[in-house]
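Heads up, work03.cif below (mmCIF, C-alpha atoms):
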```cif
data_final
loop_
_atom_site.label_atom_id
_atom_site.label_comp_id
_atom_site.auth_asym_id
_atom_site.auth_seq_id
_atom_site.Cartn_x
_atom_site.Cartn_y
_atom_site.Cartn_z
CA MET U 1 -214.17 -136.21 -13.38
CA GLU U 2 -213.42 -139.71 -14.58
CA ARG U 3 -209.74 -139.04 -14.75
CA LEU U 4 -209.73 -137.56 -11.27
CA SER U 5 -211.19 -140.72 -9.82
CA LEU U 6 -208.63 -142.85 -11.68
CA ASN U 7 -205.78 -140.86 -10.18
CA GLU U 8 -207.18 -141.01 -6.70
CA SER U 9 -208.23 -144.58 -6.28
CA PRO U 10 -206.87 -147.78 -7.81
CA ALA U 11 -208.57 -148.96 -11.01
CA PRO U 12 -212.29 -148.87 -10.40
CA ALA U 13 -214.28 -151.79 -11.69
CA PRO U 14 -216.67 -151.12 -14.57
CA ARG U 15 -219.82 -149.54 -13.19
CA THR U 16 -223.46 -150.27 -13.68
CA PRO U 17 -225.57 -147.22 -14.46
CA GLN U 18 -226.81 -147.17 -10.88
CA GLN U 19 -223.27 -147.10 -9.51
CA ASN U 20 -222.45 -144.36 -11.94
CA GLN U 21 -225.18 -142.26 -10.46
CA GLN U 22 -223.89 -142.88 -6.97
CA PHE U 23 -220.46 -141.86 -8.06
CA SER U 24 -221.61 -138.57 -9.50
CA GLN U 25 -223.42 -137.81 -6.25
CA ASN U 26 -220.26 -138.41 -4.32
CA ALA U 27 -218.28 -136.24 -6.67
CA LEU U 28 -220.64 -133.34 -5.97
CA GLY U 29 -220.24 -133.84 -2.23
CA PRO U 30 -217.59 -132.20 -0.10
CA ALA U 31 -215.17 -135.14 -0.16
CA GLY U 32 -211.77 -133.45 -0.39
CA PRO U 33 -208.39 -134.90 -1.20
CA GLN U 34 -207.21 -137.48 1.27
CA PRO U 35 -204.50 -136.36 3.68
CA THR U 36 -201.14 -137.72 2.57
CA GLY U 37 -199.16 -138.19 5.74
CA GLY U 38 -197.69 -135.55 8.01
CA PRO U 39 -199.26 -134.51 11.31
CA PRO U 40 -203.07 -134.41 11.27
CA GLN U 41 -204.27 -130.87 10.73
CA LEU U 42 -207.58 -129.16 11.31
CA PRO U 43 -209.33 -128.03 8.16
CA PRO U 44 -208.15 -124.52 7.28
CA GLN U 45 -211.68 -123.17 7.11
CA MET U 46 -211.86 -123.47 10.90
CA PHE U 47 -209.45 -120.57 11.18
CA THR U 48 -211.48 -117.90 9.45
CA THR U 49 -213.56 -115.06 10.84
CA ALA U 50 -216.57 -116.66 9.20
CA ALA U 51 -216.09 -119.98 10.99
CA GLN U 52 -215.70 -118.22 14.33
CA LEU U 53 -218.83 -116.13 13.89
CA LEU U 54 -220.88 -118.93 12.37
CA ASP U 55 -220.96 -120.68 15.75
CA LEU U 56 -222.40 -117.55 17.33
CA THR U 57 -225.09 -116.85 14.73
CA ASP U 58 -228.71 -116.84 15.98
CA LYS U 59 -227.51 -116.89 19.56
CA LYS U 60 -228.11 -114.41 22.32
CA LEU U 61 -224.87 -112.57 22.85
CA VAL U 62 -223.50 -109.68 24.79
CA LEU U 63 -221.76 -107.26 22.45
CA ILE U 64 -219.33 -104.81 23.95
CA LEU U 65 -218.47 -101.81 21.82
CA ARG U 66 -215.34 -99.72 21.89
CA ASP U 67 -217.21 -96.84 23.52
CA GLY U 68 -218.15 -99.08 26.44
CA ARG U 69 -221.74 -99.82 25.48
CA LYS U 70 -223.03 -103.25 26.37
CA LEU U 71 -225.68 -104.56 24.02
CA ILE U 72 -227.51 -107.83 24.51
CA GLY U 73 -229.27 -109.29 21.51
CA VAL U 74 -229.44 -112.03 18.95
CA LEU U 75 -226.70 -112.10 16.30
CA ARG U 76 -228.44 -112.50 12.96
CA SER U 77 -225.83 -111.65 10.35
CA TRP U 78 -222.20 -110.65 9.90
CA ASP U 79 -219.36 -110.45 7.40
CA GLN U 80 -215.61 -110.92 7.31
CA PHE U 81 -214.92 -107.57 9.02
CA ALA U 82 -217.16 -108.50 11.95
CA ASN U 83 -219.76 -105.98 10.84
CA LEU U 84 -222.76 -107.33 12.72
CA VAL U 85 -226.53 -107.29 12.67
CA PHE U 86 -228.21 -107.64 16.05
CA GLN U 87 -231.90 -108.23 16.57
CA ASP U 88 -234.08 -107.54 19.65
CA THR U 89 -231.23 -105.62 21.20
CA MET U 90 -231.24 -104.31 24.76
CA GLU U 91 -228.68 -101.89 25.99
CA ARG U 92 -227.70 -102.61 29.56
CA ILE U 93 -226.12 -99.87 31.62
CA TYR U 94 -224.25 -100.43 34.82
CA ALA U 95 -223.46 -98.02 37.65
CA GLY U 96 -222.30 -98.94 41.12
CA ASN U 97 -224.21 -102.09 41.98
CA LEU U 98 -227.21 -101.12 39.88
CA TYR U 99 -228.14 -101.91 36.31
CA ALA U 100 -230.90 -100.97 33.89
CA ASP U 101 -232.09 -102.20 30.52
CA VAL U 102 -233.23 -100.10 27.58
CA SER U 103 -234.85 -101.71 24.59
CA ARG U 104 -233.14 -100.62 21.38
CA GLY U 105 -234.31 -102.84 18.53
CA ILE U 106 -232.13 -103.68 15.54
CA PHE U 107 -228.49 -102.72 15.32
CA ILE U 108 -226.07 -102.78 12.42
CA VAL U 109 -222.65 -102.37 13.93
CA ARG U 110 -219.55 -101.48 11.97
CA GLY U 111 -216.84 -104.02 12.79
CA GLU U 112 -214.21 -101.57 13.94
CA ASN U 113 -216.38 -100.65 16.92
CA VAL U 114 -216.64 -104.19 18.22
CA LEU U 115 -214.62 -105.04 21.29
CA LEU U 116 -215.92 -108.50 22.02
CA LEU U 117 -218.85 -110.83 21.69
CA GLY U 118 -219.75 -113.22 24.46
CA GLU U 119 -222.35 -115.94 24.71
CA VAL U 120 -224.68 -114.97 27.55
CA VAL U 121 -226.57 -118.17 28.03
CA ARG U 122 -224.62 -121.28 27.42
CA SER U 123 -226.16 -123.40 24.71
CA THR U 124 -226.80 -126.97 25.73
CA PRO U 125 -226.54 -129.96 23.46
CA GLN U 126 -229.98 -131.46 22.93
CA LEU U 127 -230.56 -134.89 21.59
CA LEU U 128 -232.62 -135.07 18.43
CA ASN U 129 -234.78 -138.14 17.98
CA SER U 130 -238.36 -139.09 17.44
CA GLN U 131 -239.07 -138.71 21.15
CA SER U 132 -237.73 -135.15 21.50
CA PRO U 133 -239.99 -133.21 23.86
CA ASN U 134 -239.73 -129.98 21.87
CA PRO U 135 -241.82 -129.86 18.64
CA LEU U 136 -239.07 -127.83 16.95
CA LEU U 137 -236.54 -130.59 17.67
CA GLN U 138 -238.99 -133.20 16.40
CA GLY U 139 -239.42 -131.23 13.20
CA LEU U 140 -235.69 -130.96 12.74
CA TRP U 141 -235.30 -134.67 13.26
CA LYS U 142 -237.89 -135.39 10.58
CA LEU U 143 -235.91 -133.45 7.97
CA GLN U 144 -234.17 -136.02 5.84
CA ASP U 145 -231.01 -134.04 5.02
CA ILE U 146 -229.62 -134.05 8.53
CA PRO U 147 -225.86 -134.59 8.45
CA ALA U 148 -224.01 -137.02 10.65
CA ARG U 149 -226.61 -139.07 12.39
CA ASN U 150 -225.06 -141.57 14.73
CA SER U 151 -225.70 -145.28 14.76
CA ALA U 152 -228.84 -144.95 16.86
CA ASN U 153 -230.20 -142.64 14.15
CA GLU U 154 -230.13 -139.58 16.38
CA PHE U 155 -227.79 -136.66 16.77
CA SER U 156 -227.47 -133.72 19.07
CA ILE U 157 -227.71 -130.04 18.29
CA ASP U 158 -226.50 -127.07 20.31
CA LEU U 159 -229.50 -124.97 21.18
CA GLN U 160 -229.84 -121.88 23.27
CA ASP U 161 -233.10 -120.98 24.96
CA LEU U 162 -233.56 -117.42 23.71
CA ASP U 163 -236.46 -116.79 26.08
CA ARG U 164 -234.53 -117.68 29.17
CA GLU U 165 -233.68 -114.80 31.46
CA ASP U 166 -230.00 -113.94 31.55
CA ASP U 167 -228.00 -114.68 34.63
CA ILE U 168 -227.76 -111.54 36.68
CA PRO U 169 -224.69 -111.17 38.85
CA PRO U 170 -225.84 -111.81 42.41
CA ASN U 171 -224.60 -108.51 43.79
CA LEU U 172 -226.40 -106.35 41.25
CA THR U 173 -229.94 -104.99 41.49
CA ARG U 174 -232.19 -103.70 38.79
CA ALA U 175 -233.15 -100.05 39.07
CA PRO U 176 -235.09 -97.52 37.02
CA PHE U 177 -233.19 -96.30 33.98
CA GLU U 178 -233.13 -92.61 35.03
CA GLU U 179 -231.59 -93.45 38.39
CA VAL U 180 -228.86 -95.67 36.93
CA PHE U 181 -228.17 -93.21 34.12
CA ALA U 182 -227.71 -90.31 36.54
CA LEU U 183 -225.37 -92.37 38.69
CA LYS U 184 -223.44 -93.46 35.63
CA LYS U 185 -223.05 -89.86 34.47
CA LYS U 186 -221.66 -88.98 37.88
CA GLU U 187 -219.20 -91.88 37.84
CA GLU U 188 -218.06 -90.99 34.35
CA SER U 189 -217.40 -87.34 35.08
CA LYS U 190 -215.47 -88.36 38.17
CA ARG U 191 -213.35 -90.73 36.13
CA LYS U 192 -212.84 -88.16 33.41
CA THR U 193 -211.45 -85.57 35.82
CA GLY U 194 -209.17 -88.24 37.27
CA ASP U 195 -207.99 -89.25 33.80
CA LYS U 196 -207.44 -85.64 32.78
CA LYS U 197 -205.29 -85.02 35.83
CA ARG U 198 -203.20 -88.12 35.14
CA TYR U 199 -202.82 -87.26 31.47
CA ASP U 200 -201.72 -83.72 32.28
CA GLU U 201 -199.11 -84.99 34.71
CA LEU U 202 -197.85 -87.56 32.19
CA GLN U 203 -197.68 -84.99 29.43
CA ALA U 204 -195.76 -82.60 31.66
CA LEU U 205 -193.19 -85.39 32.07
CA GLY U 206 -193.00 -85.85 28.30
CA PHE U 207 -195.09 -89.01 28.03
CA GLU U 208 -197.75 -89.50 25.42
CA PRO U 209 -200.74 -90.93 27.31
CA GLU U 210 -201.77 -94.40 26.23
CA HIS U 211 -204.58 -94.67 23.66
CA SER U 212 -204.96 -90.90 23.65
CA GLY U 213 -206.20 -91.07 20.07
CA GLU U 214 -209.18 -93.30 20.82
CA ILE U 215 -211.57 -93.69 23.67
CA LEU U 216 -211.72 -97.10 25.27
CA PHE U 217 -213.64 -98.17 28.31
CA MET H 10 -199.04 -114.67 8.46
CA LEU H 11 -196.32 -115.96 10.81
CA PHE H 12 -198.19 -115.13 14.00
CA PHE H 13 -201.42 -116.49 12.60
CA SER H 14 -199.68 -119.84 12.13
CA PHE H 15 -198.05 -119.50 15.52
CA PHE H 16 -201.37 -118.94 17.28
CA LYS H 17 -202.85 -121.88 15.41
CA THR H 18 -200.29 -124.12 17.10
CA LEU H 19 -201.50 -122.83 20.47
CA THR H 20 -205.15 -123.85 20.10
CA ASN H 21 -206.59 -125.62 23.15
CA GLN H 22 -204.00 -124.00 25.41
CA THR H 23 -204.95 -121.72 28.27
CA VAL H 24 -203.98 -118.14 27.48
CA THR H 25 -204.56 -114.80 29.17
CA ILE H 26 -205.55 -111.89 26.99
CA GLU H 27 -205.26 -108.28 28.01
CA LEU H 28 -207.46 -105.91 26.07
CA LYS H 29 -206.70 -102.28 25.36
CA ASN H 30 -209.26 -101.31 27.99
CA ASP H 31 -207.29 -103.24 30.65
CA ILE H 32 -209.71 -106.16 30.98
CA ARG H 33 -207.78 -109.39 31.41
CA ILE H 34 -209.44 -112.62 30.38
CA ARG H 35 -208.10 -116.12 30.83
CA GLY H 36 -209.51 -118.93 28.76
CA ILE H 37 -208.85 -121.79 26.42
CA LEU H 38 -207.82 -120.60 22.96
CA LYS H 39 -210.31 -122.20 20.61
CA SER H 40 -209.68 -120.46 17.33
CA VAL H 41 -207.83 -117.63 15.68
CA ASP H 42 -208.13 -116.07 12.22
CA GLN H 43 -206.07 -113.94 9.87
CA TYR H 44 -206.88 -110.71 11.75
CA LEU H 45 -205.91 -112.45 15.01
CA ASN H 46 -209.50 -112.33 16.17
CA ILE H 47 -209.61 -114.85 18.97
CA LYS H 48 -212.20 -117.22 20.32
CA LEU H 49 -211.90 -118.21 23.96
CA ASP H 50 -213.77 -120.92 25.81
CA ASP H 51 -214.32 -121.42 29.57
CA ILE H 52 -213.30 -117.87 30.27
CA GLU H 53 -212.48 -116.34 33.59
CA VAL H 54 -212.23 -112.58 33.97
CA LEU H 55 -209.50 -111.39 36.28
CA ASP H 56 -210.81 -108.57 38.45
CA LEU H 57 -214.42 -109.58 37.72
CA ALA H 58 -215.77 -107.16 40.33
CA LYS H 59 -214.91 -104.29 38.01
CA TYR H 60 -216.60 -105.86 34.98
CA PRO H 61 -219.90 -107.32 36.20
CA HIS H 62 -221.27 -107.52 32.66
CA LEU H 63 -218.95 -110.43 31.91
CA SER H 64 -219.98 -112.60 34.83
CA SER H 65 -222.40 -114.76 32.87
CA VAL H 66 -220.28 -115.06 29.75
CA LYS H 67 -218.64 -118.44 29.25
CA ASN H 68 -217.11 -118.15 25.81
CA MET H 69 -216.30 -115.17 23.66
CA PHE H 70 -215.08 -113.78 20.38
CA ILE H 71 -212.51 -111.00 20.78
CA ARG H 72 -211.76 -108.70 17.87
CA GLY H 73 -208.03 -108.77 17.13
CA SER H 74 -207.76 -105.00 16.93
CA VAL H 75 -208.59 -104.52 20.63
CA VAL H 76 -206.03 -106.96 22.01
CA ARG H 77 -203.02 -105.48 23.78
CA TYR H 78 -201.25 -108.61 25.00
CA VAL H 79 -201.67 -112.35 24.76
CA MET H 80 -199.95 -114.15 27.60
CA LEU H 81 -198.95 -117.69 26.68
CA PRO H 82 -197.96 -120.76 28.66
CA ARG H 83 -194.16 -120.75 28.73
CA SER H 84 -193.90 -124.50 28.22
CA GLU H 85 -195.82 -124.38 24.95
CA VAL H 86 -193.61 -121.86 23.17
CA ASP H 87 -190.38 -122.92 21.49
CA VAL H 88 -188.68 -119.54 21.71
CA GLY H 89 -185.68 -120.60 19.62
CA LEU H 90 -187.89 -121.83 16.81
CA LEU H 91 -190.03 -118.71 16.97
CA GLU H 92 -186.94 -116.49 16.79
CA ASP H 93 -185.70 -118.35 13.73
CA ALA H 94 -189.07 -118.15 12.04
CA THR H 95 -189.39 -114.45 12.81
CA ARG H 96 -185.98 -113.68 11.31
CA ARG H 97 -186.68 -115.76 8.25
CA GLU H 98 -189.97 -113.93 7.80
CA ALA H 99 -188.25 -110.56 8.24
CA ALA H 100 -185.59 -111.54 5.69
CA ASN H 101 -188.31 -112.59 3.25
CA GLN H 102 -190.12 -109.30 3.72
CA ALA H 103 -186.89 -107.33 3.20
CA GLY H 104 -186.19 -109.38 0.07
CA LYS H 105 -189.67 -108.61 -1.29
CA ALA H 106 -189.28 -104.88 -0.58
CA ARG H 107 -186.11 -104.61 -2.66
#
```
Take the structure in the file and give it back as structure tokens.
Amino acid sequence: MERLSLNESPAPAPRTPQQNQQFSQNALGPAGPQPTGGPPQLPPQMFTTAAQLLDLTDKKLVLILRDGRKLIGVLRSWDQFANLVFQDTMERIYAGNLYADVSRGIFIVRGENVLLLGEVVRSTPQLLNSQSPNPLLQGLWKLQDIPARNSANEFSIDLQDLDREDDIPPNLTRAPFEEVFALKKKEESKRKTGDKKRYDELQALGFEPEHSGEILF
Amino acid sequence: MLFFSFFKTLTNQTVTIELKNDIRIRGILKSVDQYLNIKLDDIEVLDLAKYPHLSSVKNMFIRGSVVRYVMLPRSEVDVGLLEDATRREAANQAGKAR
């Protein structure tokens, strides 16, 4: 440790015991090697699956699966394959200009089935300080290990209101599940016969239909 | 890893992504990882009428395995450089295989 500091910074002055303690605290911290010229680069850990999913953790997301299911819930956990754990999940089904929600509970989704994850309600930056209106924000502010406070001794945090109703597209109306489900079934069978016809024609011409091996909606 | 590095140089550019289920999404490329999973911000879904479930989504994580195309701004791609890099990579791979 001592040698490392000698290599990195020019001859440090002899330290008092107190300074020594400060130094060891710094050495434990995340201070990495200083950049040595060249174009400024983003830290490599930004470009990992983990970094991408970390931003979405504990947020209300819409999860679209490869079989066309749309699940809305709170992302609680994940790993490097985008295997996901969703809490308080609702499945939303769409048909025509109708939609319906079905409560489903907890989901563990294998990563290969994930198509995309989208943030439903945009999180808004909220200022943390002693006057924060929300008791949770006040509590957070009181914690002493908050990183990166600004000069005014406050900082902002991206929070999403999980209780807020989702934005519903203006041209859609909510309908009973059975009604939407029946309509959806009808739409699907219609599409399937159409697809089958197109596939048959393509195959007759010697073409292998696109993504014939997997179902994608 | 070549295309991972290539996409990293395109962060904060507007790209259009076509998924294997034909949805096309335009947005600002925020991040990419080794599997070419992509994070988009300020998204806009082309042909939104067909995909109402995406109307309230503003930013998203797309799994790399479901992407069919990524359409890039022409001005941001140095095609000559990319060609060179691709050939060098291919030569390296061939060298490793032998």
Between atom CA of U:Gln80 and atom CA of U:Asp58, what is the distance in Å, rounded to a tenth?
16.8 Å
Convert the output of the PyMOL selection byres ((chain H) within 6 of (chain U)) on the shown file into explicit residues, formatted as a JSON list (two decimals) with C-alpha atoms, in the frame of the given file.
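File written: result08.json
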```
[["chain", "number", "residue", "atom", "x", "y", "z"],
["H", 30, "ASN", "CA", -209.26, -101.31, 27.99],
["H", 41, "VAL", "CA", -207.83, -117.63, 15.68],
["H", 42, "ASP", "CA", -208.13, -116.07, 12.22],
["H", 65, "SER", "CA", -222.40, -114.76, 32.87],
["H", 66, "VAL", "CA", -220.28, -115.06, 29.75],
["H", 68, "ASN", "CA", -217.11, -118.15, 25.81],
["H", 69, "MET", "CA", -216.30, -115.17, 23.66],
["H", 70, "PHE", "CA", -215.08, -113.78, 20.38],
["H", 71, "ILE", "CA", -212.51, -111.00, 20.78],
["H", 72, "ARG", "CA", -211.76, -108.70, 17.87]]
```
So what do you get for atom CA of U:Leu137 versus atom CA of U:Leu75, distance-wise?
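Interatomic distance, atom CA of U:Leu137 to atom CA of U:Leu75: 21.0 Å.
Of the listed residues (H:Leu38, H:Ile52, H:Thr18, H:Leu28), H:Ile52 comes nearest to H:Ser64; the distances count only C-alpha atoms.
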Applying the PyMOL selection byres ((chain H and resi 80) around 8) to the file I just gave you, which residues come out? Please list them as a ChimeraX atom specification.
/H:24-27,78-79,81-82
Write the selection just made, keeping C-alpha atoms, as a compact mmCIF listing (two decimals), in the coordinates of the input?
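Resulting contents of part.txt:
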```txt
# COMPACT_ATOMS: atom_id res chain seq x y z
CA VAL H 24 -203.98 -118.14 27.48
CA THR H 25 -204.56 -114.80 29.17
CA ILE H 26 -205.55 -111.89 26.99
CA GLU H 27 -205.26 -108.28 28.01
CA TYR H 78 -201.25 -108.61 25.00
CA VAL H 79 -201.67 -112.35 24.76
CA LEU H 81 -198.95 -117.69 26.68
CA PRO H 82 -197.96 -120.76 28.66
```
To one decimal place in Å, what is the distance between atom CA of H:Arg96 and atom CA of H:Gln43?
20.1 Å
I need the residue set behind the PyMOL selection byres ((chain H and resi 36) around 6) for this file; please write it as a PDB file with C-alpha atoms, in the coordinates of the input.
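After the write, part_1.pdb holds the following:
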```
ATOM      1  CA  THR H  23    -204.950-121.720  28.270  1.00  0.00           C
ATOM      2  CA  VAL H  24    -203.980-118.140  27.480  1.00  0.00           C
ATOM      3  CA  ARG H  35    -208.100-116.120  30.830  1.00  0.00           C
ATOM      4  CA  ILE H  37    -208.850-121.790  26.420  1.00  0.00           C
ATOM      5  CA  LEU H  49    -211.900-118.210  23.960  1.00  0.00           C
ATOM      6  CA  ASP H  50    -213.770-120.920  25.810  1.00  0.00           C
ATOM      7  CA  ASP H  51    -214.320-121.420  29.570  1.00  0.00           C
ATOM      8  CA  ILE H  52    -213.300-117.870  30.270  1.00  0.00           C
TER       9      ILE H  52
END
```
Non-local contacts of H:Thr95 (12 Å; all atoms listed in the file; under 4 positions in same chain excluded) as a VMD selection string:
chain H and resid 10 to 12 14 to 15 88 to 91 99 to 102
